[in-house]
Every structure is written in C-alpha cells, then in structure tokens.
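Chemist: So here's start35.cif, just mmCIF, N, CA and C atoms:
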```
data_coords
loop_
_atom_site.label_atom_id
_atom_site.label_comp_id
_atom_site.auth_asym_id
_atom_site.auth_seq_id
_atom_site.Cartn_x
_atom_site.Cartn_y
_atom_site.Cartn_z
N MET J 1 -150.41 103.09 55.91
CA MET J 1 -150.27 103.92 54.73
C MET J 1 -149.26 103.23 53.82
N GLN J 2 -149.64 103.06 52.57
CA GLN J 2 -148.73 102.48 51.59
C GLN J 2 -147.98 103.59 50.89
N THR J 3 -146.76 103.28 50.45
CA THR J 3 -145.95 104.26 49.76
C THR J 3 -146.49 104.46 48.34
N PRO J 4 -146.87 105.69 47.99
CA PRO J 4 -147.34 105.95 46.62
C PRO J 4 -146.18 105.85 45.63
N ASP J 5 -146.53 105.93 44.36
CA ASP J 5 -145.55 105.76 43.29
C ASP J 5 -144.49 106.85 43.25
N SER J 6 -144.77 108.05 43.72
CA SER J 6 -143.79 109.13 43.61
C SER J 6 -143.51 109.74 44.98
N PRO J 7 -142.30 110.27 45.15
CA PRO J 7 -141.97 110.94 46.42
C PRO J 7 -142.88 112.13 46.70
N GLU J 8 -143.32 112.83 45.66
CA GLU J 8 -144.20 113.99 45.85
C GLU J 8 -145.56 113.55 46.40
N LEU J 9 -146.11 112.44 45.86
CA LEU J 9 -147.40 111.95 46.36
C LEU J 9 -147.27 111.46 47.80
N PHE J 10 -146.15 110.80 48.11
CA PHE J 10 -145.94 110.34 49.47
C PHE J 10 -145.82 111.53 50.43
N ALA J 11 -145.09 112.55 50.03
CA ALA J 11 -144.96 113.75 50.87
C ALA J 11 -146.32 114.38 51.12
N LYS J 12 -147.16 114.44 50.09
CA LYS J 12 -148.51 115.00 50.26
C LYS J 12 -149.33 114.14 51.21
N GLU J 13 -149.24 112.82 51.09
CA GLU J 13 -149.97 111.93 51.99
C GLU J 13 -149.50 112.11 53.44
N LEU J 14 -148.19 112.27 53.63
CA LEU J 14 -147.69 112.51 54.99
C LEU J 14 -148.25 113.80 55.56
N CYS J 15 -148.24 114.86 54.75
CA CYS J 15 -148.76 116.15 55.22
C CYS J 15 -150.25 116.05 55.51
N ASP J 16 -151.00 115.36 54.67
CA ASP J 16 -152.43 115.18 54.91
C ASP J 16 -152.68 114.40 56.20
N LEU J 17 -151.85 113.39 56.45
CA LEU J 17 -151.97 112.60 57.68
C LEU J 17 -151.73 113.48 58.90
N VAL J 18 -150.69 114.30 58.86
CA VAL J 18 -150.38 115.19 59.98
C VAL J 18 -151.55 116.13 60.25
N LEU J 19 -152.11 116.70 59.19
CA LEU J 19 -153.25 117.60 59.37
C LEU J 19 -154.46 116.88 59.95
N ALA J 20 -154.66 115.64 59.56
CA ALA J 20 -155.82 114.88 60.04
C ALA J 20 -155.72 114.54 61.53
N VAL J 21 -154.52 114.31 62.03
CA VAL J 21 -154.37 113.89 63.42
C VAL J 21 -153.77 114.97 64.32
N ALA J 22 -153.59 116.17 63.79
CA ALA J 22 -152.98 117.24 64.57
C ALA J 22 -153.81 117.56 65.82
N PRO J 23 -153.13 117.79 66.95
CA PRO J 23 -153.87 118.22 68.15
C PRO J 23 -154.43 119.62 67.95
N ARG J 24 -155.46 119.93 68.72
CA ARG J 24 -156.08 121.25 68.65
C ARG J 24 -155.61 122.08 69.83
N ILE J 25 -155.41 123.37 69.59
CA ILE J 25 -154.96 124.29 70.63
C ILE J 25 -156.13 125.19 71.03
N PHE J 26 -156.25 125.42 72.33
CA PHE J 26 -157.31 126.28 72.82
C PHE J 26 -156.80 127.14 73.97
N ALA J 27 -157.54 128.19 74.24
CA ALA J 27 -157.28 129.03 75.40
C ALA J 27 -158.45 128.91 76.36
N VAL J 28 -158.16 128.99 77.64
CA VAL J 28 -159.21 129.14 78.64
C VAL J 28 -159.23 130.62 78.98
N VAL J 29 -160.34 131.27 78.69
CA VAL J 29 -160.47 132.71 78.88
C VAL J 29 -161.40 132.96 80.07
N GLN J 30 -160.96 133.79 80.99
CA GLN J 30 -161.80 134.20 82.11
C GLN J 30 -162.43 135.54 81.80
N GLU J 31 -163.70 135.68 82.19
CA GLU J 31 -164.44 136.93 81.98
C GLU J 31 -165.08 137.34 83.29
N CYS J 32 -165.21 138.65 83.46
CA CYS J 32 -165.95 139.16 84.60
C CYS J 32 -166.56 140.51 84.22
N GLU J 33 -167.62 140.86 84.92
CA GLU J 33 -168.26 142.15 84.69
C GLU J 33 -167.64 143.14 85.67
N VAL J 34 -166.95 144.15 85.13
CA VAL J 34 -166.28 145.13 85.99
C VAL J 34 -167.25 146.20 86.47
N ARG J 35 -168.27 146.45 85.69
CA ARG J 35 -169.39 147.29 86.11
C ARG J 35 -170.55 146.93 85.18
N PRO J 36 -171.75 147.29 85.54
CA PRO J 36 -172.90 146.88 84.72
C PRO J 36 -172.71 147.22 83.23
N GLY J 37 -172.78 146.19 82.42
CA GLY J 37 -172.66 146.37 80.98
C GLY J 37 -171.25 146.40 80.44
N LEU J 38 -170.23 146.30 81.31
CA LEU J 38 -168.84 146.35 80.86
C LEU J 38 -168.10 145.12 81.37
N LYS J 39 -167.65 144.29 80.42
CA LYS J 39 -166.91 143.07 80.77
C LYS J 39 -165.43 143.25 80.49
N ASP J 40 -164.64 142.46 81.22
CA ASP J 40 -163.20 142.38 80.99
C ASP J 40 -162.85 140.91 80.93
N GLY J 41 -161.74 140.60 80.31
CA GLY J 41 -161.33 139.20 80.20
C GLY J 41 -159.83 139.07 80.07
N CYS J 42 -159.37 137.85 80.30
CA CYS J 42 -157.95 137.55 80.16
C CYS J 42 -157.79 136.08 79.81
N VAL J 43 -156.66 135.76 79.20
CA VAL J 43 -156.32 134.36 78.93
C VAL J 43 -155.72 133.80 80.22
N ALA J 44 -156.39 132.80 80.77
CA ALA J 44 -155.93 132.19 82.02
C ALA J 44 -155.02 131.00 81.77
N ALA J 45 -155.23 130.31 80.64
CA ALA J 45 -154.43 129.11 80.36
C ALA J 45 -154.49 128.77 78.88
N TRP J 46 -153.53 127.94 78.48
CA TRP J 46 -153.48 127.40 77.13
C TRP J 46 -153.58 125.89 77.23
N GLY J 47 -154.26 125.29 76.25
CA GLY J 47 -154.41 123.84 76.27
C GLY J 47 -154.19 123.24 74.90
N ILE J 48 -153.88 121.95 74.92
CA ILE J 48 -153.73 121.20 73.69
C ILE J 48 -154.50 119.89 73.86
N ALA J 49 -155.38 119.62 72.90
CA ALA J 49 -156.24 118.45 72.96
C ALA J 49 -155.83 117.46 71.88
N PHE J 50 -155.64 116.21 72.29
CA PHE J 50 -155.23 115.15 71.38
C PHE J 50 -156.41 114.26 71.06
N GLY J 51 -157.23 114.65 70.09
CA GLY J 51 -158.38 113.83 69.68
C GLY J 51 -159.24 113.48 70.87
N GLU J 52 -159.48 112.20 71.05
CA GLU J 52 -160.27 111.72 72.18
C GLU J 52 -159.40 111.41 73.40
N GLY J 53 -158.12 111.72 73.31
CA GLY J 53 -157.18 111.41 74.38
C GLY J 53 -157.07 112.51 75.41
N PRO J 54 -155.94 112.57 76.08
CA PRO J 54 -155.77 113.54 77.17
C PRO J 54 -155.67 114.97 76.67
N VAL J 55 -155.92 115.89 77.60
CA VAL J 55 -155.81 117.32 77.35
C VAL J 55 -154.75 117.86 78.29
N HIS J 56 -153.77 118.56 77.74
CA HIS J 56 -152.72 119.16 78.55
C HIS J 56 -152.99 120.66 78.64
N VAL J 57 -152.95 121.19 79.86
CA VAL J 57 -153.26 122.59 80.10
C VAL J 57 -152.12 123.20 80.92
N ILE J 58 -151.70 124.40 80.53
CA ILE J 58 -150.68 125.13 81.30
C ILE J 58 -151.21 126.54 81.53
N THR J 59 -151.05 127.04 82.74
CA THR J 59 -151.53 128.39 83.03
C THR J 59 -150.78 129.40 82.20
N ALA J 60 -151.40 130.52 81.93
CA ALA J 60 -150.81 131.54 81.06
C ALA J 60 -149.49 132.07 81.63
N ASP J 61 -149.36 132.06 82.95
CA ASP J 61 -148.10 132.53 83.54
C ASP J 61 -147.06 131.42 83.65
N GLY J 62 -147.41 130.21 83.22
CA GLY J 62 -146.46 129.10 83.21
C GLY J 62 -146.21 128.43 84.54
N THR J 63 -146.95 128.78 85.58
CA THR J 63 -146.68 128.23 86.91
C THR J 63 -147.45 126.96 87.22
N GLY J 64 -148.48 126.64 86.45
CA GLY J 64 -149.27 125.46 86.73
C GLY J 64 -149.53 124.64 85.48
N GLN J 65 -149.56 123.31 85.66
CA GLN J 65 -149.85 122.41 84.56
C GLN J 65 -150.79 121.33 85.04
N MET J 66 -151.61 120.81 84.13
CA MET J 66 -152.49 119.71 84.47
C MET J 66 -152.79 118.88 83.23
N VAL J 67 -153.13 117.63 83.46
CA VAL J 67 -153.59 116.74 82.40
C VAL J 67 -155.01 116.34 82.77
N LEU J 68 -155.93 116.55 81.84
CA LEU J 68 -157.35 116.33 82.10
C LEU J 68 -157.94 115.41 81.04
N ASN J 69 -159.18 114.99 81.26
CA ASN J 69 -159.87 114.11 80.32
C ASN J 69 -160.49 114.85 79.15
N SER J 70 -160.81 116.13 79.34
CA SER J 70 -161.47 116.88 78.28
C SER J 70 -161.15 118.37 78.43
N PRO J 71 -161.29 119.12 77.35
CA PRO J 71 -161.09 120.58 77.45
C PRO J 71 -162.08 121.22 78.42
N GLU J 72 -163.30 120.71 78.44
CA GLU J 72 -164.32 121.27 79.34
C GLU J 72 -163.93 121.09 80.80
N GLY J 73 -163.14 120.06 81.10
CA GLY J 73 -162.67 119.85 82.46
C GLY J 73 -161.79 120.99 82.95
N ALA J 74 -161.14 121.69 82.03
CA ALA J 74 -160.29 122.82 82.42
C ALA J 74 -161.12 123.99 82.92
N LEU J 75 -162.34 124.09 82.47
CA LEU J 75 -163.17 125.25 82.84
C LEU J 75 -163.40 125.34 84.34
N ARG J 76 -163.65 124.22 85.00
CA ARG J 76 -163.95 124.29 86.44
C ARG J 76 -162.79 124.82 87.25
N TRP J 77 -161.56 124.61 86.77
CA TRP J 77 -160.39 125.10 87.49
C TRP J 77 -160.26 126.62 87.39
N PHE J 78 -160.94 127.22 86.42
CA PHE J 78 -160.80 128.66 86.20
C PHE J 78 -162.11 129.42 86.40
N MET J 79 -163.08 128.78 87.06
CA MET J 79 -164.36 129.44 87.34
C MET J 79 -164.44 129.80 88.82
N ARG J 80 -163.37 130.30 89.36
CA ARG J 80 -163.32 130.59 90.80
C ARG J 80 -164.45 131.51 91.23
N GLY J 81 -165.25 131.04 92.15
CA GLY J 81 -166.31 131.86 92.73
C GLY J 81 -167.27 132.46 91.74
N ALA J 82 -167.68 131.70 90.74
CA ALA J 82 -168.56 132.25 89.70
C ALA J 82 -169.81 132.89 90.29
N GLY J 83 -170.32 132.34 91.38
CA GLY J 83 -171.50 132.92 91.99
C GLY J 83 -171.20 134.15 92.82
N GLU J 84 -169.98 134.24 93.34
CA GLU J 84 -169.63 135.33 94.25
C GLU J 84 -169.08 136.55 93.52
N ASP J 85 -167.99 136.36 92.77
CA ASP J 85 -167.40 137.53 92.11
C ASP J 85 -167.70 137.58 90.61
N GLY J 86 -168.53 136.66 90.13
CA GLY J 86 -168.99 136.71 88.75
C GLY J 86 -167.99 136.31 87.70
N VAL J 87 -166.90 135.65 88.09
CA VAL J 87 -165.92 135.21 87.10
C VAL J 87 -166.45 133.96 86.41
N THR J 88 -166.43 133.98 85.09
CA THR J 88 -166.80 132.82 84.30
C THR J 88 -165.62 132.47 83.40
N ALA J 89 -165.69 131.31 82.80
CA ALA J 89 -164.62 130.88 81.90
C ALA J 89 -165.24 130.25 80.67
N ARG J 90 -164.52 130.35 79.58
CA ARG J 90 -164.96 129.70 78.34
C ARG J 90 -163.73 129.26 77.55
N LEU J 91 -163.97 128.35 76.64
CA LEU J 91 -162.91 127.87 75.75
C LEU J 91 -162.94 128.67 74.46
N VAL J 92 -161.76 129.04 73.99
CA VAL J 92 -161.62 129.69 72.69
C VAL J 92 -160.64 128.84 71.89
N TRP J 93 -161.13 128.25 70.81
CA TRP J 93 -160.31 127.34 69.99
C TRP J 93 -159.60 128.10 68.89
N LEU J 94 -158.32 127.82 68.70
CA LEU J 94 -157.60 128.35 67.55
C LEU J 94 -158.02 127.54 66.33
N SER J 95 -158.15 128.20 65.22
CA SER J 95 -158.55 127.50 64.00
C SER J 95 -157.49 126.49 63.60
N ARG J 96 -157.99 125.40 63.06
CA ARG J 96 -157.07 124.36 62.57
C ARG J 96 -156.36 124.88 61.33
N PRO J 97 -155.04 124.80 61.29
CA PRO J 97 -154.32 125.28 60.11
C PRO J 97 -154.64 124.41 58.90
N GLY J 98 -154.54 125.00 57.73
CA GLY J 98 -154.92 124.30 56.52
C GLY J 98 -153.77 123.79 55.69
N SER J 99 -152.53 123.96 56.16
CA SER J 99 -151.42 123.48 55.35
C SER J 99 -150.32 122.93 56.25
N ALA J 100 -149.51 122.06 55.65
CA ALA J 100 -148.36 121.48 56.36
C ALA J 100 -147.23 121.30 55.36
N GLU J 101 -146.02 121.43 55.85
CA GLU J 101 -144.83 121.25 55.01
C GLU J 101 -143.91 120.27 55.71
N LEU J 102 -143.12 119.52 54.94
CA LEU J 102 -142.20 118.54 55.52
C LEU J 102 -141.01 119.18 56.21
N ASP J 103 -140.46 120.23 55.63
CA ASP J 103 -139.25 120.84 56.18
C ASP J 103 -139.58 122.16 56.83
N HIS J 104 -138.88 122.45 57.94
CA HIS J 104 -139.09 123.71 58.64
C HIS J 104 -138.83 124.90 57.74
N ALA J 105 -137.81 124.82 56.91
CA ALA J 105 -137.49 125.94 56.00
C ALA J 105 -138.64 126.21 55.04
N GLU J 106 -139.32 125.15 54.59
CA GLU J 106 -140.45 125.33 53.68
C GLU J 106 -141.64 125.94 54.39
N ALA J 107 -141.79 125.64 55.68
CA ALA J 107 -142.95 126.11 56.44
C ALA J 107 -142.79 127.57 56.86
N ALA J 108 -141.58 128.07 56.94
CA ALA J 108 -141.34 129.42 57.44
C ALA J 108 -141.67 130.48 56.46
#
```
Have the structure of the file written as structure tokens, please.
Modeler:
Amino acid sequence: MQTPDSPELFAKELCDLVLAVAPRIFAVVQECEVRPGLKDGCVAAWGIAFGEGPVHVITADGTGQMVLNSPEGALRWFMRGAGEDGVTARLVWLSRPGSAELDHAEAA
C-alpha cells in the first residue's frame, strides 16, 4: 500500500484494508427435537475464521479450545450422537461489520 497524498485518504485506506482482511466470527449452534415438532437449541461454541487460514474455536463455557482447518470441521465435535439423541449442529455467521475507525474513542 502506498501512502496517499493526505492523512485522511491514508486513514480511509487503512480502514478499508482492515475491513477487507478482517476475520469472520461464527457460532456453533446445537439443535435437538425435544418433542415432535418442537426444537430447542443452544450456542455450543464461538469461532473465528481467518480467511483461508486456521479456525480458532472456544466452547461457550470457555473450558475447551481447538484450532481447526475449517469452520465446518468444528461441526463434527458438536454433533454428539446425531443418530441416537438427534443432536445436530450448524454454523451461524455474524454479519461482517461495515465500518472501521482508527481510534477506539471514535469507534465507541
């Protein structure tokens, strides 16, 4: 990245760069049918994906952590006995934010 002519343009380019390479945050949600036609669910873990790189996952209660190759790899860890007790898992992605600020005070 080359330095633009003005500090304001450079600040905008930095913020655009951060938005372009920002990791994505997701939840691993477990679902089960508690009775016919009625489902329940919970957040089992939170994850952060770095582009095509590693995925870091931490259980919702904070007791377990793992590094995986893909977000989908986290699903198998949370699909305990899918055939027996009907627990399934899915990924829920948080939307990518649309703005960035250089200073914490400006972002708050």
Chemist: What is the distance, in Å and to one decimal place, between atom N of J:Glu101 and atom CA of J:Phe50?
Modeler: 19.1 Å
Chemist: So which residues are close to (-155.4, 126.4, 84.9), meaning at most 7 Å away in the file's coordinates with only C-alpha atoms counted, and can you show them as a list in words?
Modeler: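 Neighbouring residues, ordered by chain and number, come to Ala44, Ala45, Val57, Ile58, Thr59, Gly64, Gln65, Ala74, Trp77 and Phe78 of chain J.
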Chemist: Let me know the residues the PyMOL selection byres ((chain J and resi 55) around 5) catches in the file above, as a VMD selection string.
Modeler: chain J and resid 48 to 49 53 to 54 56 to 57 67 to 69
Chemist: Take the residues that were just selected and, keeping N, CA and C atoms, output them as a PDB file, in the frame of the given file.
Modeler:
```pdb
ATOM      1  N   ILE J  48    -153.880 121.950  74.920  1.00  0.00           N
ATOM      2  CA  ILE J  48    -153.730 121.200  73.690  1.00  0.00           C
ATOM      3  C   ILE J  48    -154.500 119.890  73.860  1.00  0.00           C
ATOM      4  N   ALA J  49    -155.380 119.620  72.900  1.00  0.00           N
ATOM      5  CA  ALA J  49    -156.240 118.450  72.960  1.00  0.00           C
ATOM      6  C   ALA J  49    -155.830 117.460  71.880  1.00  0.00           C
ATOM      7  N   GLY J  53    -158.120 111.720  73.310  1.00  0.00           N
ATOM      8  CA  GLY J  53    -157.180 111.410  74.380  1.00  0.00           C
ATOM      9  C   GLY J  53    -157.070 112.510  75.410  1.00  0.00           C
ATOM     10  N   PRO J  54    -155.940 112.570  76.080  1.00  0.00           N
ATOM     11  CA  PRO J  54    -155.770 113.540  77.170  1.00  0.00           C
ATOM     12  C   PRO J  54    -155.670 114.970  76.670  1.00  0.00           C
ATOM     13  N   HIS J  56    -153.770 118.560  77.740  1.00  0.00           N
ATOM     14  CA  HIS J  56    -152.720 119.160  78.550  1.00  0.00           C
ATOM     15  C   HIS J  56    -152.990 120.660  78.640  1.00  0.00           C
ATOM     16  N   VAL J  57    -152.950 121.190  79.860  1.00  0.00           N
ATOM     17  CA  VAL J  57    -153.260 122.590  80.100  1.00  0.00           C
ATOM     18  C   VAL J  57    -152.120 123.200  80.920  1.00  0.00           C
ATOM     19  N   VAL J  67    -153.130 117.630  83.460  1.00  0.00           N
ATOM     20  CA  VAL J  67    -153.590 116.740  82.400  1.00  0.00           C
ATOM     21  C   VAL J  67    -155.010 116.340  82.770  1.00  0.00           C
ATOM     22  N   LEU J  68    -155.930 116.550  81.840  1.00  0.00           N
ATOM     23  CA  LEU J  68    -157.350 116.330  82.100  1.00  0.00           C
ATOM     24  C   LEU J  68    -157.940 115.410  81.040  1.00  0.00           C
ATOM     25  N   ASN J  69    -159.180 114.990  81.260  1.00  0.00           N
ATOM     26  CA  ASN J  69    -159.870 114.110  80.320  1.00  0.00           C
ATOM     27  C   ASN J  69    -160.490 114.850  79.150  1.00  0.00           C
TER      28      ASN J  69
END
```
Chemist: Determine, counting only C-alpha atoms, every residue of protein, DNA or RNA that lies within 8 Å of (-159.3, 126.5, 67.9) in the file coordinates, then give the result as a PyMOL selection string.
Modeler: chain J and resi 24-26+92-96
Chemist: Using only C-alpha atoms, which protein or nucleic acid residues come within 12 Å of J:Leu102? Drop anything in the same chain fewer than 4 positions from it, and give the result as a PyMOL selection string.
Modeler: chain J and resi 7-8+10-19+106-108
Chemist: Determine which residues of chain J DSSP labels as helix (DSSP H, G or I) from the backbone of this structure, then write them out as a PDB file with N, CA and C atoms, in the coordinates of the input.
Modeler:
```pdb
ATOM      1  N   PRO J   7    -142.300 110.270  45.150  1.00  0.00           N
ATOM      2  CA  PRO J   7    -141.970 110.940  46.420  1.00  0.00           C
ATOM      3  C   PRO J   7    -142.880 112.130  46.700  1.00  0.00           C
ATOM      4  N   GLU J   8    -143.320 112.830  45.660  1.00  0.00           N
ATOM      5  CA  GLU J   8    -144.200 113.990  45.850  1.00  0.00           C
ATOM      6  C   GLU J   8    -145.560 113.550  46.400  1.00  0.00           C
ATOM      7  N   LEU J   9    -146.110 112.440  45.860  1.00  0.00           N
ATOM      8  CA  LEU J   9    -147.400 111.950  46.360  1.00  0.00           C
ATOM      9  C   LEU J   9    -147.270 111.460  47.800  1.00  0.00           C
ATOM     10  N   PHE J  10    -146.150 110.800  48.110  1.00  0.00           N
ATOM     11  CA  PHE J  10    -145.940 110.340  49.470  1.00  0.00           C
ATOM     12  C   PHE J  10    -145.820 111.530  50.430  1.00  0.00           C
ATOM     13  N   ALA J  11    -145.090 112.550  50.030  1.00  0.00           N
ATOM     14  CA  ALA J  11    -144.960 113.750  50.870  1.00  0.00           C
ATOM     15  C   ALA J  11    -146.320 114.380  51.120  1.00  0.00           C
ATOM     16  N   LYS J  12    -147.160 114.440  50.090  1.00  0.00           N
ATOM     17  CA  LYS J  12    -148.510 115.000  50.260  1.00  0.00           C
ATOM     18  C   LYS J  12    -149.330 114.140  51.210  1.00  0.00           C
ATOM     19  N   GLU J  13    -149.240 112.820  51.090  1.00  0.00           N
ATOM     20  CA  GLU J  13    -149.970 111.930  51.990  1.00  0.00           C
ATOM     21  C   GLU J  13    -149.500 112.110  53.440  1.00  0.00           C
ATOM     22  N   LEU J  14    -148.190 112.270  53.630  1.00  0.00           N
ATOM     23  CA  LEU J  14    -147.690 112.510  54.990  1.00  0.00           C
ATOM     24  C   LEU J  14    -148.250 113.800  55.560  1.00  0.00           C
ATOM     25  N   CYS J  15    -148.240 114.860  54.750  1.00  0.00           N
ATOM     26  CA  CYS J  15    -148.760 116.150  55.220  1.00  0.00           C
ATOM     27  C   CYS J  15    -150.250 116.050  55.510  1.00  0.00           C
ATOM     28  N   ASP J  16    -151.000 115.360  54.670  1.00  0.00           N
ATOM     29  CA  ASP J  16    -152.430 115.180  54.910  1.00  0.00           C
ATOM     30  C   ASP J  16    -152.680 114.400  56.200  1.00  0.00           C
ATOM     31  N   LEU J  17    -151.850 113.390  56.450  1.00  0.00           N
ATOM     32  CA  LEU J  17    -151.970 112.600  57.680  1.00  0.00           C
ATOM     33  C   LEU J  17    -151.730 113.480  58.900  1.00  0.00           C
ATOM     34  N   VAL J  18    -150.690 114.300  58.860  1.00  0.00           N
ATOM     35  CA  VAL J  18    -150.380 115.190  59.980  1.00  0.00           C
ATOM     36  C   VAL J  18    -151.550 116.130  60.250  1.00  0.00           C
ATOM     37  N   LEU J  19    -152.110 116.700  59.190  1.00  0.00           N
ATOM     38  CA  LEU J  19    -153.250 117.600  59.370  1.00  0.00           C
ATOM     39  C   LEU J  19    -154.460 116.880  59.950  1.00  0.00           C
ATOM     40  N   ALA J  20    -154.660 115.640  59.560  1.00  0.00           N
ATOM     41  CA  ALA J  20    -155.820 114.880  60.040  1.00  0.00           C
ATOM     42  C   ALA J  20    -155.720 114.540  61.530  1.00  0.00           C
ATOM     43  N   VAL J  21    -154.520 114.310  62.030  1.00  0.00           N
ATOM     44  CA  VAL J  21    -154.370 113.890  63.420  1.00  0.00           C
ATOM     45  C   VAL J  21    -153.770 114.970  64.320  1.00  0.00           C
ATOM     46  N   PRO J  71    -161.290 119.120  77.350  1.00  0.00           N
ATOM     47  CA  PRO J  71    -161.090 120.580  77.450  1.00  0.00           C
ATOM     48  C   PRO J  71    -162.080 121.220  78.420  1.00  0.00           C
ATOM     49  N   GLU J  72    -163.300 120.710  78.440  1.00  0.00           N
ATOM     50  CA  GLU J  72    -164.320 121.270  79.340  1.00  0.00           C
ATOM     51  C   GLU J  72    -163.930 121.090  80.800  1.00  0.00           C
ATOM     52  N   GLY J  73    -163.140 120.060  81.100  1.00  0.00           N
ATOM     53  CA  GLY J  73    -162.670 119.850  82.460  1.00  0.00           C
ATOM     54  C   GLY J  73    -161.790 120.990  82.950  1.00  0.00           C
ATOM     55  N   ALA J  74    -161.140 121.690  82.030  1.00  0.00           N
ATOM     56  CA  ALA J  74    -160.290 122.820  82.420  1.00  0.00           C
ATOM     57  C   ALA J  74    -161.120 123.990  82.920  1.00  0.00           C
ATOM     58  N   LEU J  75    -162.340 124.090  82.470  1.00  0.00           N
ATOM     59  CA  LEU J  75    -163.170 125.250  82.840  1.00  0.00           C
ATOM     60  C   LEU J  75    -163.400 125.340  84.340  1.00  0.00           C
ATOM     61  N   ARG J  76    -163.650 124.220  85.000  1.00  0.00           N
ATOM     62  CA  ARG J  76    -163.950 124.290  86.440  1.00  0.00           C
ATOM     63  C   ARG J  76    -162.790 124.820  87.250  1.00  0.00           C
ATOM     64  N   TRP J  77    -161.560 124.610  86.770  1.00  0.00           N
ATOM     65  CA  TRP J  77    -160.390 125.100  87.490  1.00  0.00           C
ATOM     66  C   TRP J  77    -160.260 126.620  87.390  1.00  0.00           C
ATOM     67  N   HIS J 104    -138.880 122.450  57.940  1.00  0.00           N
ATOM     68  CA  HIS J 104    -139.090 123.710  58.640  1.00  0.00           C
ATOM     69  C   HIS J 104    -138.830 124.900  57.740  1.00  0.00           C
ATOM     70  N   ALA J 105    -137.810 124.820  56.910  1.00  0.00           N
ATOM     71  CA  ALA J 105    -137.490 125.940  56.000  1.00  0.00           C
ATOM     72  C   ALA J 105    -138.640 126.210  55.040  1.00  0.00           C
ATOM     73  N   GLU J 106    -139.320 125.150  54.590  1.00  0.00           N
ATOM     74  CA  GLU J 106    -140.450 125.330  53.680  1.00  0.00           C
ATOM     75  C   GLU J 106    -141.640 125.940  54.390  1.00  0.00           C
ATOM     76  N   ALA J 107    -141.790 125.640  55.680  1.00  0.00           N
ATOM     77  CA  ALA J 107    -142.950 126.110  56.440  1.00  0.00           C
ATOM     78  C   ALA J 107    -142.790 127.570  56.860  1.00  0.00           C
TER      79      ALA J 107
END
```
Chemist: In terms of the shortest atom-to-atom distance over all atoms listed in the file, which of J:Thr63, J:Val43, J:Asp85, J:Leu75 is closest to J:Gln30?
Modeler: J:Val43
Chemist: Provide the atom CA of J:Arg90 to atom CA of J:Ala20 distance in Å, to one decimal place.
Modeler: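 Pair atom CA of J:Arg90 / atom CA of J:Ala20 returns 25.3 Å.
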Chemist: What is the atom CA of J:Val87-atom C of J:Lys39 distance in Å, reported with one decimal?
Modeler: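 Computed distance, atom CA of J:Val87 to atom C of J:Lys39, equals 10.4 Å.
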Chemist: For J:Thr88, work out the shell of residues within 6 Å, counting all atoms listed in the file and skipping chain neighbours fewer than 3 positions away, then give it as an MDAnalysis selection string.
Modeler: chainID J and resid 29:32 78:79 82
Chemist: Which of chain J counts as strand (DSSP E) under DSSP, as JSON, numbers by chain please?
Modeler: {"J": [24, 25, 26, 27, 28, 29, 30, 31, 32, 33, 34, 35, 38, 39, 40, 41, 42, 43, 44, 45, 46, 47, 48, 49, 55, 56, 57, 58, 59, 65, 66, 67, 68, 88, 89, 90, 91, 92, 93]}
Chemist: So which one's closest to J:Ser99, J:Gly37, J:Ala22, J:Asp61, J:Leu9? Using only C-alpha atoms, please.
Modeler: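 Among the listed residues, the smallest separation from J:Ser99 belongs to J:Ala22.
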Chemist: Check the smallest atom-to-atom distance from each of J:Gly51, J:Arg35, J:Trp46, J:Ala89 to J:Val21 using only N, CA and C atoms, then report the winner.
Modeler: J:Gly51
Chemist: Counting only N, CA and C atoms, which residue out of J:Cys42, J:Ala60, J:Leu91, J:Met66 sits closest to J:Ala27?
Modeler: J:Leu91
